[in-house]
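K.L.:
Dropping a structure here in structure tokens format, bear with me for questions.
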Amino acid sequence: MSRFILTVLLLSYFQPVFSQITGSELLRKTIEYHDPEGNWTNLSARLFLEQSRPNGSSRSSEVILKNGQNYFKLIERMENDVIIRELQNDSCTVTFNGSEDFSQEISDKYRLSNDRILRTRNYYVYLYGLPMKLTDPGTNVNDEVKEASFDGKDYLELAVTYDKDVGSDDWFFYINPSTYTMEGYKFYHENGKGEFITIEGLSTIGGVKIPKLRQWYTTQDSTFLGADDLTRVELISK
């Protein structure tokens with residue numbers, strides 16, 4: 001056998017499997033890594049967060065998820081105020097320093113309208129539910145998987161769009177080709193502006209691996225937007 005033929009055969013043999021993987025296959029593999037027992041759908045957990053912003057402000061938050069009961073609660077503690085947002089299905093309750101009776105000025109300042117509270121719930125459930133949430137109705141996973149650089153590392157890029165009644169942003173998720181860990185993502189609005197989010201470390205709760213530290217930046221110039229640090233997780237007994 002000639003050296004040329006041997007080289008071609010070796011290159012063919014060692015060619016990365018991911019060059020042939022489809023988007024749906026890649027999604028299945030990363031879900032198997034993050035939620036091997038399929039526990040996310042019925043997970044009941046309490047997440048404790050320290051959230052910082054570039055202006056130096058910070059707040060402590062507690063998120064309670066009962067996915068099997070479609071229940072969500074967010075408790076935010078700032079210097080002098082405590083805000084509690086609670087949703088059962090799509091029914092909202094909000095208190096400001098223990099009272100449901102607060103001014104429109106407070107509502108506007110802290111974005112306490114029902115619509116905003118629903119969006120807040122969707123934000124937390126979506127981001128902590130990745131990649132499992134990419135199987136939700138209205139999610140369109142591109143079958144073409146690309147090799148791409150993200151945050152200075154090489155990844156498999158999974159592209160996702162949404163039906164118009166679900167969302168208008170284009171999302172890209174970055175999967176480690178060796179472990180199938182989801183290690184970052186970015187999205188673009190219709191106006192071309194967007195954000196990218198890096199992930200450092202994972203916390204495991206009820207067999208589900210979720211991001212430990214998320215940091216947000218603009219896609220235009222990498223301006224830092226904030227960080228969400230998951231300091232502690234607890235299972236809630238049913």
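Ordered as shown in the structure tokens, chains take letters A, B, and onward, while each chain numbers its residues from 1 and ligands are numbered from 1 in the order shown.
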Show which residues sit within 12 Å of segment 101-112 of chain A, as a list in words. Count only C-alpha atoms, and ignore same-chain residues fewer than 6 positions away.

P.N.:
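What passes the distance filter is Leu74, Glu76, Met78, Asp81, Val82, Ile83, Ile84, Arg85, Glu86, Cys92, Thr93, Val94, Thr95, Leu118, Arg119 and Thr120 of chain A.
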
K.L.:
If you run DSSP on this backbone, which residues of segment 88-169 of chain A come out as alpha helix (DSSP H), and could you give them as a list in words?

P.N.:
Gln104, Glu105, Ile106, Ser107, Asp108, Lys109, Tyr110, Asn114, Asp115, Arg116, Ile117, Leu118, Arg119, Thr120, Arg121, Asn122, Tyr123, Tyr124, Val125, Tyr126, Leu127 and Tyr128 of chain A

K.L.:
List as a list of chain:residue names the protein and nucleic acid residues near Asp35 of chain A, meaning an atom at most 9 Å away when only C-alpha atoms are counted, but skip any in the same chain fewer than 3 places from it.

P.N.:
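Near neighbours after the sequence-gap exclusion: A:Thr30, A:Ile31, A:Glu32, A:Gly38, A:Asn39, A:Trp40, A:Pro131, A:Met132, A:Gly207, A:Val208, A:Lys209.
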
K.L.:
Give me the residues within 10 Å of Thr219 of chain A as a JSON list (two decimals) with all heavy atoms, in the first residue's frame, counting only C-alpha atoms and dropping any in the same chain fewer than 6 places off.

P.N.:
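And here is the file that came out, part_12.json:
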```
[["chain", "number", "residue", "atom", "x", "y", "z"],
["A", 186, "LYS", "N", -25.37, 32.86, 21.93],
["A", 186, "LYS", "CA", -25.57, 34.25, 21.55],
["A", 186, "LYS", "C", -26.86, 34.36, 20.77],
["A", 186, "LYS", "O", -27.39, 33.35, 20.26],
["A", 186, "LYS", "CB", -24.39, 34.78, 20.72],
["A", 186, "LYS", "CG", -24.23, 34.18, 19.36],
["A", 186, "LYS", "CD", -23.01, 34.77, 18.64],
["A", 186, "LYS", "CE", -22.78, 34.09, 17.30],
["A", 186, "LYS", "NZ", -21.56, 34.60, 16.62],
["A", 187, "PHE", "N", -27.38, 35.58, 20.68],
["A", 187, "PHE", "CA", -28.60, 35.79, 19.90],
["A", 187, "PHE", "C", -28.55, 37.16, 19.26],
["A", 187, "PHE", "O", -27.85, 38.07, 19.71],
["A", 187, "PHE", "CB", -29.84, 35.66, 20.79],
["A", 187, "PHE", "CG", -29.93, 36.67, 21.91],
["A", 187, "PHE", "CD1", -30.50, 37.92, 21.71],
["A", 187, "PHE", "CD2", -29.43, 36.38, 23.17],
["A", 187, "PHE", "CE1", -30.59, 38.85, 22.73],
["A", 187, "PHE", "CE2", -29.51, 37.30, 24.20],
["A", 187, "PHE", "CZ", -30.09, 38.54, 23.98],
["A", 188, "TYR", "N", -29.31, 37.27, 18.17],
["A", 188, "TYR", "CA", -29.42, 38.53, 17.44],
["A", 188, "TYR", "C", -30.88, 38.90, 17.30],
["A", 188, "TYR", "O", -31.73, 38.05, 17.01],
["A", 188, "TYR", "CB", -28.80, 38.40, 16.04],
["A", 188, "TYR", "CG", -27.30, 38.25, 16.04],
["A", 188, "TYR", "CD1", -26.72, 36.99, 15.93],
["A", 188, "TYR", "CD2", -26.46, 39.36, 16.16],
["A", 188, "TYR", "CE1", -25.34, 36.84, 15.93],
["A", 188, "TYR", "CE2", -25.08, 39.21, 16.16],
["A", 188, "TYR", "CZ", -24.54, 37.96, 16.04],
["A", 188, "TYR", "OH", -23.17, 37.81, 16.05],
["A", 192, "GLY", "N", -30.33, 43.46, 14.14],
["A", 192, "GLY", "CA", -28.93, 43.10, 14.01],
["A", 192, "GLY", "C", -28.13, 43.17, 15.30],
["A", 192, "GLY", "O", -27.03, 42.64, 15.38],
["A", 193, "LYS", "N", -28.68, 43.83, 16.32],
["A", 193, "LYS", "CA", -27.99, 43.90, 17.61],
["A", 193, "LYS", "C", -28.20, 42.60, 18.38],
["A", 193, "LYS", "O", -29.19, 41.90, 18.17],
["A", 193, "LYS", "CB", -28.49, 45.09, 18.42],
["A", 193, "LYS", "CG", -28.17, 46.44, 17.81],
["A", 193, "LYS", "CD", -28.65, 47.59, 18.68],
["A", 193, "LYS", "CE", -28.29, 48.94, 18.07],
["A", 193, "LYS", "NZ", -28.76, 50.08, 18.92],
["A", 194, "GLY", "N", -27.27, 42.31, 19.26],
["A", 194, "GLY", "CA", -27.42, 41.07, 20.00],
["A", 194, "GLY", "C", -26.52, 41.00, 21.21],
["A", 194, "GLY", "O", -25.87, 41.98, 21.59],
["A", 195, "GLU", "N", -26.52, 39.84, 21.83],
["A", 195, "GLU", "CA", -25.72, 39.60, 23.03],
["A", 195, "GLU", "C", -25.13, 38.20, 22.97],
["A", 195, "GLU", "O", -25.68, 37.32, 22.31],
["A", 195, "GLU", "CB", -26.59, 39.74, 24.28],
["A", 195, "GLU", "CG", -27.21, 41.12, 24.45],
["A", 195, "GLU", "CD", -28.20, 41.19, 25.60],
["A", 195, "GLU", "OE1", -28.24, 40.24, 26.42],
["A", 195, "GLU", "OE2", -28.95, 42.18, 25.68],
["A", 196, "PHE", "N", -24.00, 38.03, 23.64],
["A", 196, "PHE", "CA", -23.49, 36.67, 23.82],
["A", 196, "PHE", "C", -23.25, 36.42, 25.30],
["A", 196, "PHE", "O", -22.97, 37.34, 26.07],
["A", 196, "PHE", "CB", -22.24, 36.41, 22.97],
["A", 196, "PHE", "CG", -20.99, 37.14, 23.41],
["A", 196, "PHE", "CD1", -20.09, 36.56, 24.29],
["A", 196, "PHE", "CD2", -20.69, 38.40, 22.89],
["A", 196, "PHE", "CE1", -18.93, 37.23, 24.67],
["A", 196, "PHE", "CE2", -19.53, 39.07, 23.26],
["A", 196, "PHE", "CZ", -18.64, 38.47, 24.16],
["A", 197, "ILE", "N", -23.39, 35.16, 25.68],
["A", 197, "ILE", "CA", -23.36, 34.77, 27.08],
["A", 197, "ILE", "C", -22.35, 33.65, 27.24],
["A", 197, "ILE", "O", -22.45, 32.61, 26.56],
["A", 197, "ILE", "CB", -24.75, 34.29, 27.56],
["A", 197, "ILE", "CG1", -25.79, 35.40, 27.39],
["A", 197, "ILE", "CG2", -24.70, 33.84, 29.01],
["A", 197, "ILE", "CD1", -26.58, 35.32, 26.10]]
```

K.L.:
Kindly indicate which residue among A:Tyr33, A:Thr198, A:Gln20, A:Ala45 lies nearest to Leu225 of chain A, using only C-alpha atoms for the distances.

P.N.:
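Checking each candidate against Leu225 of chain A, we get A:Thr198 as the closest.
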
K.L.:
Residues at most 8 Å from Ser44 of chain A, counting only C-alpha atoms, excluding those fewer than 5 positions away in the same chain, as number ranges by chain?

P.N.:
A: 64-68, 235-238

K.L.:
List the neighbours of Ser57 of chain A out to 10 Å using only C-alpha atoms; skip same-chain residues closer than 3 positions along the sequence, and give me the result as a list of chain:residue names.

P.N.:
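Result of the neighbour search: A:Gln51, A:Ser52, A:Arg53, A:Pro54, A:Met78, A:Glu79, A:Gly226.
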
K.L.:
Emit the selected residues as a PDB file, in the first residue's frame, including N, CA, C and O atoms.

P.N.:
```pdb
ATOM      1  N   GLN A  51     -26.440  38.558  41.574  1.00  0.00           N
ATOM      2  CA  GLN A  51     -26.475  39.181  40.252  1.00  0.00           C
ATOM      3  C   GLN A  51     -25.819  40.556  40.309  1.00  0.00           C
ATOM      4  O   GLN A  51     -26.165  41.385  41.147  1.00  0.00           O
ATOM      5  N   SER A  52     -24.861  40.781  39.420  1.00  0.00           N
ATOM      6  CA  SER A  52     -24.128  42.048  39.385  1.00  0.00           C
ATOM      7  C   SER A  52     -24.283  42.698  38.033  1.00  0.00           C
ATOM      8  O   SER A  52     -24.481  42.029  37.012  1.00  0.00           O
ATOM      9  N   ARG A  53     -24.193  44.033  38.020  1.00  0.00           N
ATOM     10  CA  ARG A  53     -24.324  44.805  36.800  1.00  0.00           C
ATOM     11  C   ARG A  53     -23.129  45.755  36.661  1.00  0.00           C
ATOM     12  O   ARG A  53     -22.458  46.059  37.656  1.00  0.00           O
ATOM     13  N   PRO A  54     -22.842  46.239  35.458  1.00  0.00           N
ATOM     14  CA  PRO A  54     -21.620  47.029  35.237  1.00  0.00           C
ATOM     15  C   PRO A  54     -21.562  48.347  36.002  1.00  0.00           C
ATOM     16  O   PRO A  54     -20.485  48.896  36.203  1.00  0.00           O
ATOM     17  N   MET A  78     -32.854  43.725  47.408  1.00  0.00           N
ATOM     18  CA  MET A  78     -31.931  44.816  47.143  1.00  0.00           C
ATOM     19  C   MET A  78     -31.564  45.481  48.467  1.00  0.00           C
ATOM     20  O   MET A  78     -31.844  44.925  49.526  1.00  0.00           O
ATOM     21  N   GLU A  79     -30.956  46.645  48.438  1.00  0.00           N
ATOM     22  CA  GLU A  79     -30.490  47.277  49.684  1.00  0.00           C
ATOM     23  C   GLU A  79     -31.629  47.496  50.680  1.00  0.00           C
ATOM     24  O   GLU A  79     -31.519  47.146  51.855  1.00  0.00           O
ATOM     25  N   GLY A 226     -23.540  42.200  32.500  1.00  0.00           N
ATOM     26  CA  GLY A 226     -23.908  41.705  33.816  1.00  0.00           C
ATOM     27  C   GLY A 226     -23.527  40.251  33.999  1.00  0.00           C
ATOM     28  O   GLY A 226     -23.087  39.575  33.061  1.00  0.00           O
TER      29      GLY A 226
END
```

K.L.:
For a quick check of understanding, using only C-alpha atoms, which of A:Thr41, A:Tyr126, A:Met182, A:Gly138 has the smallest distance to Glu157 of chain A?

P.N.:
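Among A:Thr41, A:Tyr126, A:Met182, A:Gly138, it is A:Met182 that comes nearest to Glu157 of chain A.
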
K.L.:
Measuring between only C-alpha atoms, which one of A:Leu26, A:Leu87, A:Ala227, A:Leu47 shows the shortest distance to Leu156 of chain A?

P.N.:
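Distance minimum relative to Leu156 of chain A lands on A:Leu26.
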